[in-house]
file model.txt (compact mmCIF, C-alpha atoms (C1' of nucleotides))
# COMPACT_ATOMS: atom_id res chain seq x y z
CA MET A 1 2.25 -1.37 11.18
CA PRO A 2 -0.04 -3.53 9.17
CA GLU A 3 -1.33 -0.98 6.67
CA LEU A 4 -3.16 -1.65 3.41
CA PRO A 5 -0.30 -3.55 1.64
CA GLU A 6 0.40 -5.75 4.66
CA VAL A 7 -3.28 -6.55 5.21
CA GLU A 8 -3.71 -7.25 1.49
CA THR A 9 -0.68 -9.58 1.55
CA VAL A 10 -2.24 -11.46 4.46
CA ARG A 11 -5.55 -11.60 2.61
CA LEU A 12 -3.93 -13.10 -0.48
CA GLY A 13 -2.30 -15.77 1.67
CA LEU A 14 -5.49 -16.59 3.54
CA GLN A 15 -7.53 -16.69 0.33
CA ARG A 16 -5.05 -19.24 -1.03
CA LEU A 17 -5.04 -21.39 2.11
CA LEU A 18 -8.39 -21.20 3.89
CA PRO A 19 -11.39 -21.68 1.56
CA LYS A 20 -13.15 -25.05 1.96
CA ARG A 21 -11.54 -25.72 5.32
CA ARG A 22 -14.01 -26.54 8.08
CA ILE A 23 -13.59 -25.09 11.57
CA GLN A 24 -13.40 -27.65 14.35
CA ALA A 25 -12.55 -25.51 17.38
CA VAL A 26 -11.61 -22.04 18.55
CA ASP A 27 -9.50 -21.15 21.57
CA PHE A 28 -8.82 -17.66 22.89
CA ASP A 29 -7.26 -16.11 25.94
CA THR A 30 -9.08 -12.86 26.57
CA PRO A 31 -12.64 -11.75 25.79
CA LYS A 32 -11.09 -8.52 24.48
CA SER A 33 -9.45 -10.33 21.58
CA PHE A 34 -12.61 -12.24 20.75
CA PRO A 35 -15.65 -10.76 22.49
CA ASN A 36 -18.35 -13.00 21.01
CA ALA A 37 -20.77 -14.93 23.18
CA PRO A 38 -19.93 -18.65 23.57
CA SER A 39 -23.36 -19.59 22.24
CA ASP A 40 -22.75 -17.65 19.03
CA VAL A 41 -19.32 -19.22 18.67
CA ARG A 42 -20.81 -22.70 18.91
CA GLU A 43 -23.68 -21.96 16.58
CA PHE A 44 -22.09 -19.85 13.85
CA LEU A 45 -18.36 -20.52 13.96
CA VAL A 46 -17.67 -24.10 15.00
CA SER A 47 -18.40 -26.53 12.12
CA ALA A 48 -18.68 -23.66 9.61
CA THR A 49 -16.74 -23.84 6.33
CA ILE A 50 -14.65 -20.95 5.08
CA MET A 51 -15.93 -19.48 1.82
CA GLN A 52 -13.67 -16.54 0.99
CA VAL A 53 -11.43 -13.87 2.49
CA ARG A 54 -12.06 -10.20 1.78
CA ARG A 55 -10.48 -6.88 2.79
CA ARG A 56 -11.80 -3.35 3.24
CA ALA A 57 -9.31 -0.71 4.38
CA LYS A 58 -7.14 -2.44 7.03
CA VAL A 59 -9.93 -4.84 8.01
CA LEU A 60 -10.03 -8.52 7.00
CA MET A 61 -13.26 -10.48 6.62
CA ILE A 62 -13.36 -14.27 6.55
CA ASP A 63 -16.77 -15.27 5.22
CA LEU A 64 -18.24 -18.49 6.60
CA SER A 65 -20.87 -20.90 5.31
CA SER A 66 -23.01 -19.97 8.33
CA GLU A 67 -23.53 -16.52 6.80
CA TYR A 68 -21.41 -15.11 9.58
CA SER A 69 -17.94 -13.64 9.07
CA LEU A 70 -14.84 -13.30 11.17
CA VAL A 71 -13.98 -9.59 11.05
CA ILE A 72 -10.36 -8.94 12.00
CA HIS A 73 -8.25 -5.87 12.72
CA LEU A 74 -4.52 -6.46 13.28
CA LYS A 75 -3.91 -2.93 14.64
CA MET A 76 -0.15 -2.59 15.29
CA THR A 77 1.23 -5.98 16.20
CA GLY A 78 -1.40 -8.46 15.05
CA GLN A 79 -0.29 -11.47 13.02
CA LEU A 80 -2.24 -14.25 11.30
CA VAL A 81 -0.06 -17.30 10.79
CA PHE A 82 -1.26 -20.54 9.18
CA ARG A 83 0.29 -23.90 9.94
CA GLY A 84 -0.67 -27.03 8.04
CA ALA A 85 -1.19 -30.29 9.92
CA GLU A 86 2.19 -31.52 8.68
CA SER A 87 3.89 -28.60 10.47
CA PHE A 88 3.09 -29.99 13.90
CA GLY A 89 5.02 -32.58 15.79
CA ALA A 90 7.87 -32.38 13.32
CA GLY A 91 8.44 -28.74 14.30
CA HIS A 92 7.74 -25.45 12.57
CA PRO A 93 8.97 -24.39 9.13
CA ASN A 94 12.60 -23.31 9.23
CA ASP A 95 12.03 -20.22 7.12
CA SER A 96 9.35 -18.73 9.37
CA LEU A 97 10.26 -15.81 11.64
CA ILE A 98 7.76 -17.24 14.10
CA GLY A 99 8.74 -20.23 16.22
CA GLU A 100 6.56 -22.89 17.74
CA LEU A 101 2.89 -21.95 17.98
CA PRO A 102 0.98 -21.18 20.05
CA ASP A 103 3.41 -18.88 21.85
CA LYS A 104 3.04 -16.24 24.56
CA SER A 105 1.47 -13.69 22.22
CA THR A 106 -1.11 -16.08 20.73
CA ARG A 107 -4.59 -14.70 21.45
CA ILE A 108 -6.79 -16.90 19.28
CA THR A 109 -6.32 -20.29 17.64
CA LEU A 110 -8.65 -21.67 14.98
CA THR A 111 -8.31 -25.41 14.44
CA PHE A 112 -9.65 -26.97 11.24
CA LYS A 113 -10.99 -30.48 10.73
CA ASP A 114 -7.87 -31.51 8.81
CA GLY A 115 -5.63 -30.56 11.73
CA SER A 116 -4.31 -27.32 10.24
CA LYS A 117 -4.47 -24.19 12.39
CA LEU A 118 -4.69 -20.43 12.05
CA PHE A 119 -3.03 -18.48 14.87
CA PHE A 120 -3.90 -14.88 15.72
CA ASN A 121 -0.89 -13.48 17.54
CA ASP A 122 -0.86 -9.98 18.98
CA GLN A 123 1.86 -8.80 21.31
CA ARG A 124 0.15 -5.57 22.32
CA LYS A 125 -3.44 -6.84 22.41
CA PHE A 126 -4.83 -3.92 20.42
CA GLY A 127 -6.11 -6.14 17.64
CA TRP A 128 -9.38 -8.05 17.67
CA MET A 129 -11.49 -10.62 15.90
CA ARG A 130 -15.28 -10.50 15.91
CA LEU A 131 -17.96 -12.83 14.63
CA LEU A 132 -20.69 -10.87 12.82
CA PRO A 133 -23.48 -11.69 10.40
CA THR A 134 -21.91 -11.16 6.96
CA ILE A 135 -24.80 -9.00 5.82
CA GLU A 136 -24.33 -6.61 8.77
CA ILE A 137 -20.67 -5.78 8.13
CA PRO A 138 -21.40 -2.76 5.93
CA ASN A 139 -23.49 -1.30 8.76
CA ILE A 140 -20.81 -1.20 11.43
CA ASP A 141 -19.57 2.29 12.31
CA PHE A 142 -16.13 1.90 10.80
CA MET A 143 -17.47 0.71 7.42
CA GLN A 144 -19.96 3.57 7.35
CA ARG A 145 -17.27 6.17 7.86
CA VAL A 146 -14.21 4.77 6.07
CA GLY A 147 -13.10 6.48 2.86
CA PRO A 148 -12.51 5.02 -0.62
CA GLU A 149 -10.06 2.24 -1.43
CA PRO A 150 -7.03 4.00 -2.96
CA LEU A 151 -6.32 1.16 -5.39
CA SER A 152 -9.82 0.98 -6.85
CA ALA A 153 -10.17 2.26 -10.41
CA ASP A 154 -12.68 4.94 -9.46
CA PHE A 155 -10.41 6.61 -6.88
CA THR A 156 -9.60 9.62 -9.06
CA ALA A 157 -7.41 12.62 -8.25
CA GLU A 158 -10.54 14.76 -8.19
CA ILE A 159 -12.17 12.57 -5.55
CA PHE A 160 -8.95 12.54 -3.53
CA ILE A 161 -8.66 16.34 -3.59
CA ASN A 162 -12.31 16.83 -2.68
CA ARG A 163 -12.04 14.49 0.27
CA ILE A 164 -8.69 15.79 1.51
CA MET A 165 -10.10 19.34 1.58
CA ARG A 166 -12.44 18.24 4.35
CA ARG A 167 -9.29 18.42 6.46
CA LYS A 168 -7.94 21.63 4.98
CA ASN A 169 -6.84 23.18 8.28
CA THR A 170 -4.70 20.30 9.41
CA SER A 171 -1.35 18.88 8.29
CA ILE A 172 -1.27 16.86 5.11
CA LYS A 173 0.11 13.93 7.06
CA ALA A 174 -2.78 13.94 9.53
CA ALA A 175 -5.17 14.21 6.58
CA ILE A 176 -3.91 11.17 4.67
CA LEU A 177 -3.71 9.13 7.89
CA ASP A 178 -7.41 9.89 8.44
CA GLN A 179 -9.22 6.71 7.40
CA THR A 180 -12.39 8.66 6.62
CA VAL A 181 -10.51 10.60 3.92
CA LEU A 182 -9.09 7.51 2.24
CA ALA A 183 -8.62 3.94 3.42
CA GLY A 184 -5.44 2.10 4.21
CA VAL A 185 -2.63 4.64 4.58
CA GLY A 186 -0.65 4.39 7.82
CA ASN A 187 2.58 5.87 9.08
CA ILE A 188 4.98 4.14 6.68
CA TYR A 189 3.14 4.92 3.46
CA ALA A 190 2.22 8.42 4.60
CA ASP A 191 5.93 9.27 4.95
CA GLU A 192 6.92 7.50 1.73
CA SER A 193 4.20 9.00 -0.45
CA LEU A 194 4.82 12.53 0.89
CA PHE A 195 8.51 12.16 0.12
CA ALA A 196 7.74 10.92 -3.40
CA ALA A 197 5.44 13.91 -3.93
CA GLY A 198 7.96 16.40 -2.53
CA ILE A 199 5.62 17.67 0.18
CA HIS A 200 6.73 18.32 3.78
CA PRO A 201 4.36 16.36 6.06
CA ALA A 202 3.69 19.40 8.28
CA SER A 203 2.36 21.46 5.35
CA LEU A 204 -1.24 22.51 5.93
CA VAL A 205 -3.62 21.01 3.38
CA ARG A 206 -5.05 24.42 2.44
CA ASP A 207 -1.60 25.74 1.50
CA ILE A 208 -0.67 22.97 -0.92
CA PRO A 209 -1.25 23.68 -4.64
CA LYS A 210 -3.84 21.46 -6.31
CA SER A 211 -1.21 20.26 -8.78
CA LYS A 212 0.87 18.96 -5.85
CA LEU A 213 -2.13 17.20 -4.34
CA LYS A 214 -2.65 15.55 -7.69
CA THR A 215 0.96 14.34 -7.59
CA LEU A 216 0.39 13.02 -4.07
CA HIS A 217 -2.64 11.06 -5.27
CA THR A 218 -0.45 9.43 -7.94
CA GLU A 219 2.34 8.66 -5.48
CA ILE A 220 0.04 7.14 -2.83
CA ILE A 221 -1.20 4.68 -5.44
CA ALA A 222 2.34 3.96 -6.67
CA VAL A 223 3.76 3.38 -3.18
CA LEU A 224 0.90 1.09 -2.09
CA THR A 225 1.08 -0.87 -5.34
CA LEU A 226 4.84 -1.39 -5.10
CA SER A 227 4.55 -2.47 -1.48
CA ILE A 228 1.95 -5.14 -2.29
CA GLU A 229 4.36 -6.44 -4.96
CA LYS A 230 7.06 -6.67 -2.29
CA GLY A 231 4.79 -8.42 0.21
CA GLY A 232 4.48 -5.37 2.49
CA SER A 233 6.90 -3.86 5.01
CA THR A 234 8.40 -5.79 7.90
CA ASP A 235 9.49 -3.04 10.24
CA ARG A 236 9.14 -4.88 13.53
CA ASN A 237 6.33 -7.35 13.92
CA TYR A 238 4.63 -7.78 10.60
CA VAL A 239 4.77 -11.21 8.93
CA ASN A 240 2.61 -12.87 6.28
CA VAL A 241 0.53 -16.03 6.78
CA GLU A 242 3.64 -18.17 6.41
CA GLY A 243 5.45 -16.18 9.10
CA LYS A 244 7.72 -14.56 6.53
CA ARG A 245 8.77 -10.93 6.22
CA GLY A 246 7.84 -8.43 3.52
CA SER A 247 10.64 -6.60 1.73
CA TYR A 248 9.21 -3.16 0.98
CA ILE A 249 11.20 -1.59 3.81
CA ASP A 250 14.35 -2.22 1.71
CA PHE A 251 12.88 0.09 -0.93
CA ALA A 252 11.73 2.82 1.47
CA LYS A 253 13.33 6.19 0.78
CA VAL A 254 12.79 7.88 4.17
CA PHE A 255 10.93 5.65 6.61
CA ARG A 256 13.19 4.59 9.49
CA ARG A 257 16.16 6.17 7.69
CA GLU A 258 16.73 9.11 10.03
CA SER A 259 20.31 10.49 9.89
CA LEU A 260 20.97 8.51 6.71
CA PRO A 261 21.48 10.34 3.39
CA CYS A 262 18.46 11.09 1.24
CA PRO A 263 18.64 8.79 -1.81
CA VAL A 264 17.93 11.78 -4.09
CA CYS A 265 19.91 14.76 -2.71
CA LYS A 266 22.21 13.09 -0.13
CA HIS A 267 21.24 15.49 2.67
CA ASP A 268 20.48 13.77 5.98
CA ILE A 269 16.95 12.58 6.57
CA ILE A 270 15.56 13.84 9.85
CA LYS A 271 12.94 12.47 12.19
CA ILE A 272 10.35 14.82 13.64
CA LYS A 273 6.89 14.52 15.12
CA VAL A 274 3.86 15.40 12.99
CA ALA A 275 0.25 14.54 13.81
CA GLY A 276 1.57 12.84 16.97
CA ARG A 277 3.60 10.32 14.95
CA GLY A 278 7.26 9.75 14.25
CA THR A 279 7.78 11.34 10.84
CA HIS A 280 10.70 11.00 8.44
CA VAL A 281 11.48 13.83 6.07
CA CYS A 282 14.12 15.21 3.72
CA THR A 283 13.82 18.96 4.21
CA THR A 284 15.64 19.61 0.93
CA CYS A 285 13.41 17.46 -1.27
CA GLN A 286 10.15 18.09 0.58
CA LYS A 287 8.73 21.60 0.51
CA LEU A 288 6.97 23.05 3.53
CA TYR A 289 4.01 24.95 2.12
CA LYS A 290 2.95 27.74 4.45
CA GLY A 291 0.33 30.39 3.76
CA LYS A 292 0.52 33.13 1.22
CA SER A 293 3.77 34.64 2.47
CA ALA A 294 6.90 34.01 0.47
C1' DC B 1 -18.03 20.94 14.15
C1' DA B 2 -12.85 20.76 13.34
C1' DC B 3 -9.03 19.31 15.24
C1' DT B 4 -5.70 17.43 18.81
C1' DT B 5 -4.39 14.56 22.51
C1' DG B 6 -4.64 10.50 25.42
C1' DA B 7 -5.71 5.62 26.20
C1' DC B 8 -5.34 1.04 25.01
C1' DC B 9 -0.90 -2.68 25.69
C1' DT B 10 3.78 -4.93 25.73
C1' DG B 11 8.53 -5.25 24.36
C1' DT B 12 12.68 -2.87 23.26
C1' DC B 13 16.07 0.48 23.58
C1' DC B 14 18.62 4.34 25.71
C1' DG B 15 20.72 6.85 29.42
C1' DC B 16 22.17 6.88 34.13
C1' DT C 1 23.88 -5.08 35.24
C1' DG C 2 19.36 -2.92 36.79
C1' DC C 3 15.81 0.51 36.36
C1' DG C 4 12.91 4.25 34.72
C1' DG C 5 11.18 6.35 30.96
C1' DA C 6 10.47 7.22 26.09
C1' DC C 7 8.94 5.12 22.08
C1' DA C 8 6.61 2.16 18.64
C1' DG C 9 1.49 3.42 15.90
C1' DG C 10 -4.24 2.11 14.40
C1' DT C 11 -8.28 3.66 16.10
C1' DC C 12 -11.60 5.59 19.19
C1' DA C 13 -12.97 8.44 23.17
C1' DA C 14 -12.36 12.54 25.39
C1' DG C 15 -10.77 17.14 25.51
C1' DT C 16 -9.91 22.03 23.56

call {"tool": "encode", "arguments": {"input": "model.txt", "output": "C-alpha cells"}}
result
Amino acid sequence: MPELPEVETVRLGLQRLLPKRRIQAVDFDTPKSFPNAPSDVREFLVSATIMQVRRRAKVLMIDLSSEYSLVIHLKMTGQLVFRGAESFGAGHPNDSLIGELPDKSTRITLTFKDGSKLFFNDQRKFGWMRLLPTIEIPNIDFMQRVGPEPLSADFTAEIFINRIMRRKNTSIKAAILDQTVLAGVGNIYADESLFAAGIHPASLVRDIPKSKLKTLHTEIIAVLTLSIEKGGSTDRNYVNVEGKRGSYIDFAKVFRRESLPCPVCKHDIIKIKVAGRGTHVCTTCQKLYKGKSA
DNA sequence: CACTTGACCTGTCCGC
DNA sequence: TGCGGACAGGTCAAGT
C-alpha cells in the first residue's frame, strides 16, 4: 500500500514537523517492530535531535544528531502519525482518520522533549523501524540491490529498458514490481502505469516492443508524479502524518475499479491475478503481447 | 541463475 | 447471527 508517492508524502510531512525536535523516550510493543538493543536505544536514540528526513525507494530515514538514523519500512499497513503536545488531553484533531493514540495497532511511540509524539502504527506488523549508524545505511542489503529512483533526472528510458530486460522472461507487471529493476512501484502504480501505456500486465517483457517500453517509462513517471501531487492513494490503511487520506485513488483509471466501465472505452474493467497479485486491466485498451505469432 | 510461490500478520468481507 | 476461508500486498526465504 504505501508505495513511493505515499512514502514521499509521509517524508514531506515529517521533514516539515520533526527537525530540531529532541527525543525524550521511545516505547514499543514487540522486538520485531523495533529490534534494537536497549543499550543502543539509550545511547544513540534517547536525547538525540532530529536533523532531517530522507527517503530511498519505499524506505524512510530519520537522521539523528547521534550520527545514527531511524530506518523505517511501512510495508502494507504501516502509518506514521504526528501529534503535537496541544493535541493531547483536549482530544485528537477532528479531521484525522485516526482516533486517540496510542491505539491497539500502535507498535512504537517516540516522545519528544516538547511533549509532541510520533506514533508508528501497523495493523499487520509487517513494518519495522531500526536504529542504524547513518553511514552504514548504504551498505545494507536492500540499499545495495535496489534499483534507480524513477523520479530522478537521470532515470532515462534507456536505463529503464536495459534494467527491465534483466527480467525479460517474466511478466511486465512482475518486472516493474521488482525493486531491483526500479524503486518504488507497487501494486497500485503498476496497474495504473500499465493501463496508461496500453500494455496488458501479463505480457512477457521480451515480447513488448521497445517503443512501448519507452511509453511505459514515461507513464510510470507521470503516474508517480501525479500521485505525489494528490498526497498518495488511500485505499485502505494509508494516511499521512496528520492522519489524513490521499486522494489519488479518485483519479485511478483501473485500480480497484473491477466491473466498472473503463474511462476510455467504456468496456468493463476486469480483475485477474498476475505475478501473484490482484491485477486490474481493461482488455480492450491494454494489449497482450505474446511471442512472434499473430 | 531466473523465476515463482509461500510466509509473515490482522482485519474485513463473502458465502453458507 | 456465527464461522470458515479467501483476500489484501511489500519483501525475503525457500522452492522449482

call {"tool": "residues_around", "arguments": {"input": "model.txt", "residues": "Pro38 (chain A)", "least_positions_apart": "3", "cutoff": "12 Å", "atoms": "all atoms listed in the file", "output": "list in words"}}
result
Ala25, Val26, Asp27, Phe28, Pro31, Phe34, Pro35, Val41, Arg42, Glu43, Phe44, Leu45, Val46 and Leu131 of chain A

call {"tool": "atom_distance", "arguments": {"input": "model.txt", "atom1": "CA of Lys244 (chain A)", "atom2": "CA of Leu97 (chain A)"}}
result
5.8 Å

call {"tool": "closest_atom_pairs", "arguments": {"input": "model.txt", "of": "chain C", "to": "chain A", "cutoff": "12 Å", "atoms": "only C-alpha atoms (C1' of nucleotides)", "output": "JSON lines"}}
result
{"residue": "C:DC7", "atom": "C1'", "partner": "A:Gly278", "partner_atom": "CA", "distance": 9.3}
{"residue": "C:DA8", "atom": "C1'", "partner": "A:Gly278", "partner_atom": "CA", "distance": 8.8}
{"residue": "C:DG9", "atom": "C1'", "partner": "A:Met76", "partner_atom": "CA", "distance": 6.3}
{"residue": "C:DG10", "atom": "C1'", "partner": "A:Lys75", "partner_atom": "CA", "distance": 5.1}
{"residue": "C:DT11", "atom": "C1'", "partner": "A:Lys75", "partner_atom": "CA", "distance": 8.0}
{"residue": "C:DC12", "atom": "C1'", "partner": "A:Phe142", "partner_atom": "CA", "distance": 10.2}

call {"tool": "atom_distance", "arguments": {"input": "model.txt", "atom1": "CA of Glu8 (chain A)", "atom2": "CA of Met61 (chain A)"}}
result
11.3 Å

call {"tool": "interface_residues", "arguments": {"input": "model.txt", "of": "chain B", "to": "chain A", "cutoff": "8 Å", "atoms": "only C-alpha atoms (C1' of nucleotides)", "output": "MDAnalysis selection string"}}
result
chainID B and resid 3 8:10

call {"tool": "atom_distance", "arguments": {"input": "model.txt", "atom1": "CA of Gln52 (chain A)", "atom2": "CA of Gln15 (chain A)"}}
result
6.2 Å

call {"tool": "residues_around", "arguments": {"input": "model.txt", "residues": "Tyr289 (chain A)", "least_positions_apart": "4", "cutoff": "7 Å", "atoms": "all atoms listed in the file", "output": "number ranges by chain"}}
result
A: 203-204, 207-208

call {"tool": "residues_around", "arguments": {"input": "model.txt", "residues": "Thr284 (chain A)", "least_positions_apart": "4", "cutoff": "10 Å", "atoms": "all atoms listed in the file", "output": "PDB file with C-alpha atoms, in the coordinates of the input"}}
result
ATOM      1  CA  GLY A 198       7.960  16.400  -2.530  1.00  0.00           C
ATOM      2  CA  HIS A 200       6.730  18.320   3.780  1.00  0.00           C
ATOM      3  CA  CYS A 262      18.460  11.090   1.240  1.00  0.00           C
ATOM      4  CA  VAL A 264      17.930  11.780  -4.090  1.00  0.00           C
ATOM      5  CA  CYS A 265      19.910  14.760  -2.710  1.00  0.00           C
ATOM      6  CA  LYS A 266      22.210  13.090  -0.130  1.00  0.00           C
ATOM      7  CA  HIS A 267      21.240  15.490   2.670  1.00  0.00           C
ATOM      8  CA  ASP A 268      20.480  13.770   5.980  1.00  0.00           C
ATOM      9  CA  ILE A 269      16.950  12.580   6.570  1.00  0.00           C
ATOM     10  CA  LEU A 288       6.970  23.050   3.530  1.00  0.00           C
TER      11      LEU A 288
END

call {"tool": "residues_around", "arguments": {"input": "model.txt", "residues": "DA14 (chain C)", "least_positions_apart": "6", "cutoff": "10 Å", "atoms": "only C-alpha atoms (C1' of nucleotides)", "output": "list of chain:residue names"}}
result
B:DT5, B:DG6, B:DA7

call {"tool": "decode", "arguments": {"input": "model.txt", "residues": "region 2-15 of chain C", "atoms": "N, CA, C and O atoms (P, O5', C5', C4', C3', O3' and C1' of nucleotides)", "output": "mmCIF file, in the first residue's frame"}}
result
data_model
loop_
_atom_site.group_PDB
_atom_site.id
_atom_site.type_symbol
_atom_site.label_atom_id
_atom_site.label_comp_id
_atom_site.auth_asym_id
_atom_site.auth_seq_id
_atom_site.Cartn_x
_atom_site.Cartn_y
_atom_site.Cartn_z
ATOM 1 P P DG C 2 -22.944 -13.412 16.652
ATOM 2 O "O5'" DG C 2 -22.592 -14.810 15.976
ATOM 3 C "C5'" DG C 2 -23.249 -15.992 16.390
ATOM 4 C "C4'" DG C 2 -22.528 -17.174 15.778
ATOM 5 C "C3'" DG C 2 -21.009 -17.046 15.818
ATOM 6 O "O3'" DG C 2 -20.458 -18.324 16.140
ATOM 7 C "C1'" DG C 2 -21.730 -17.174 13.559
ATOM 8 P P DC C 3 -18.932 -18.622 16.129
ATOM 9 O "O5'" DC C 3 -18.745 -19.127 14.634
ATOM 10 C "C5'" DC C 3 -19.232 -20.403 14.229
ATOM 11 C "C4'" DC C 3 -18.516 -20.799 12.963
ATOM 12 C "C3'" DC C 3 -17.003 -20.555 13.016
ATOM 13 O "O3'" DC C 3 -16.333 -21.643 12.414
ATOM 14 C "C1'" DC C 3 -17.934 -19.337 11.227
ATOM 15 P P DG C 4 -14.763 -21.877 12.555
ATOM 16 O "O5'" DG C 4 -14.388 -22.158 11.046
ATOM 17 C "C5'" DG C 4 -15.231 -23.010 10.251
ATOM 18 C "C4'" DG C 4 -14.916 -22.778 8.788
ATOM 19 C "C3'" DG C 4 -13.417 -22.672 8.491
ATOM 20 O "O3'" DG C 4 -13.150 -23.401 7.305
ATOM 21 C "C1'" DG C 4 -14.519 -20.681 7.815
ATOM 22 P P DG C 5 -11.671 -23.669 6.778
ATOM 23 O "O5'" DG C 5 -11.567 -22.642 5.563
ATOM 24 C "C5'" DG C 5 -12.590 -22.661 4.566
ATOM 25 C "C4'" DG C 5 -12.430 -21.438 3.696
ATOM 26 C "C3'" DG C 5 -10.991 -21.143 3.289
ATOM 27 O "O3'" DG C 5 -10.962 -20.864 1.908
ATOM 28 C "C1'" DG C 5 -11.963 -19.225 4.228
ATOM 29 P P DA C 6 -9.608 -20.951 1.079
ATOM 30 O "O5'" DA C 6 -9.745 -19.648 0.162
ATOM 31 C "C5'" DA C 6 -11.018 -19.278 -0.348
ATOM 32 C "C4'" DA C 6 -11.039 -17.795 -0.613
ATOM 33 C "C3'" DA C 6 -9.745 -17.251 -1.217
ATOM 34 O "O3'" DA C 6 -10.079 -16.391 -2.291
ATOM 35 C "C1'" DA C 6 -10.279 -16.051 0.761
ATOM 36 P P DC C 7 -8.924 -15.811 -3.226
ATOM 37 O "O5'" DC C 7 -8.693 -14.370 -2.598
ATOM 38 C "C5'" DC C 7 -9.811 -13.521 -2.365
ATOM 39 C "C4'" DC C 7 -9.361 -12.285 -1.642
ATOM 40 C "C3'" DC C 7 -7.996 -11.745 -2.100
ATOM 41 O "O3'" DC C 7 -8.174 -10.436 -2.587
ATOM 42 C "C1'" DC C 7 -8.165 -11.796 0.274
ATOM 43 P P DA C 8 -7.107 -9.817 -3.606
ATOM 44 O "O5'" DA C 8 -6.401 -8.709 -2.719
ATOM 45 C "C5'" DA C 8 -7.147 -7.610 -2.227
ATOM 46 C "C4'" DA C 8 -6.410 -6.970 -1.090
ATOM 47 C "C3'" DA C 8 -4.897 -6.857 -1.308
ATOM 48 O "O3'" DA C 8 -4.599 -5.628 -1.962
ATOM 49 C "C1'" DA C 8 -5.435 -7.534 0.939
ATOM 50 P P DG C 9 -3.758 -5.669 -3.264
ATOM 51 O "O5'" DG C 9 -2.276 -5.456 -2.732
ATOM 52 C "C5'" DG C 9 -1.955 -4.334 -1.928
ATOM 53 C "C4'" DG C 9 -0.625 -4.591 -1.277
ATOM 54 C "C3'" DG C 9 0.489 -4.944 -2.271
ATOM 55 O "O3'" DG C 9 1.721 -4.440 -1.772
ATOM 56 C "C1'" DG C 9 0.182 -6.724 -0.802
ATOM 57 P P DG C 10 2.578 -3.495 -2.609
ATOM 58 O "O5'" DG C 10 3.932 -3.520 -1.790
ATOM 59 C "C5'" DG C 10 4.045 -2.764 -0.594
ATOM 60 C "C4'" DG C 10 5.355 -3.099 0.077
ATOM 61 C "C3'" DG C 10 6.525 -3.363 -0.858
ATOM 62 O "O3'" DG C 10 7.704 -2.871 -0.218
ATOM 63 C "C1'" DG C 10 5.993 -5.357 0.320
ATOM 64 P P DT C 11 9.140 -3.003 -0.957
ATOM 65 O "O5'" DT C 11 9.738 -4.385 -0.458
ATOM 66 C "C5'" DT C 11 10.100 -4.504 0.912
ATOM 67 C "C4'" DT C 11 10.404 -5.933 1.247
ATOM 68 C "C3'" DT C 11 11.551 -6.564 0.452
ATOM 69 O "O3'" DT C 11 12.610 -6.745 1.362
ATOM 70 C "C1'" DT C 11 9.738 -8.073 0.807
ATOM 71 P P DC C 12 14.040 -7.259 0.882
ATOM 72 O "O5'" DC C 12 14.116 -8.732 1.492
ATOM 73 C "C5'" DC C 12 13.748 -8.942 2.845
ATOM 74 C "C4'" DC C 12 13.536 -10.423 3.076
ATOM 75 C "C3'" DC C 12 14.639 -11.322 2.510
ATOM 76 O "O3'" DC C 12 14.958 -12.295 3.494
ATOM 77 C "C1'" DC C 12 12.528 -12.029 1.719
ATOM 78 P P DA C 13 16.254 -13.208 3.320
ATOM 79 O "O5'" DA C 13 15.628 -14.663 3.449
ATOM 80 C "C5'" DA C 13 14.668 -14.925 4.470
ATOM 81 C "C4'" DA C 13 13.997 -16.260 4.210
ATOM 82 C "C3'" DA C 13 14.951 -17.379 3.788
ATOM 83 O "O3'" DA C 13 14.567 -18.573 4.459
ATOM 84 C "C1'" DA C 13 13.316 -17.033 2.093
ATOM 85 P P DA C 14 15.394 -19.939 4.236
ATOM 86 O "O5'" DA C 14 14.458 -20.751 3.238
ATOM 87 C "C5'" DA C 14 13.088 -20.960 3.572
ATOM 88 C "C4'" DA C 14 12.375 -21.587 2.402
ATOM 89 C "C3'" DA C 14 13.098 -22.798 1.803
ATOM 90 O "O3'" DA C 14 12.172 -23.855 1.654
ATOM 91 C "C1'" DA C 14 12.589 -21.229 0.104
ATOM 92 P P DG C 15 12.638 -25.300 1.113
ATOM 93 O "O5'" DG C 15 11.970 -25.329 -0.334
ATOM 94 C "C5'" DG C 15 10.556 -25.144 -0.452
ATOM 95 C "C4'" DG C 15 10.192 -24.984 -1.909
ATOM 96 C "C3'" DG C 15 10.712 -26.108 -2.815
ATOM 97 O "O3'" DG C 15 9.646 -26.605 -3.622
ATOM 98 C "C1'" DG C 15 11.325 -23.996 -3.699
#
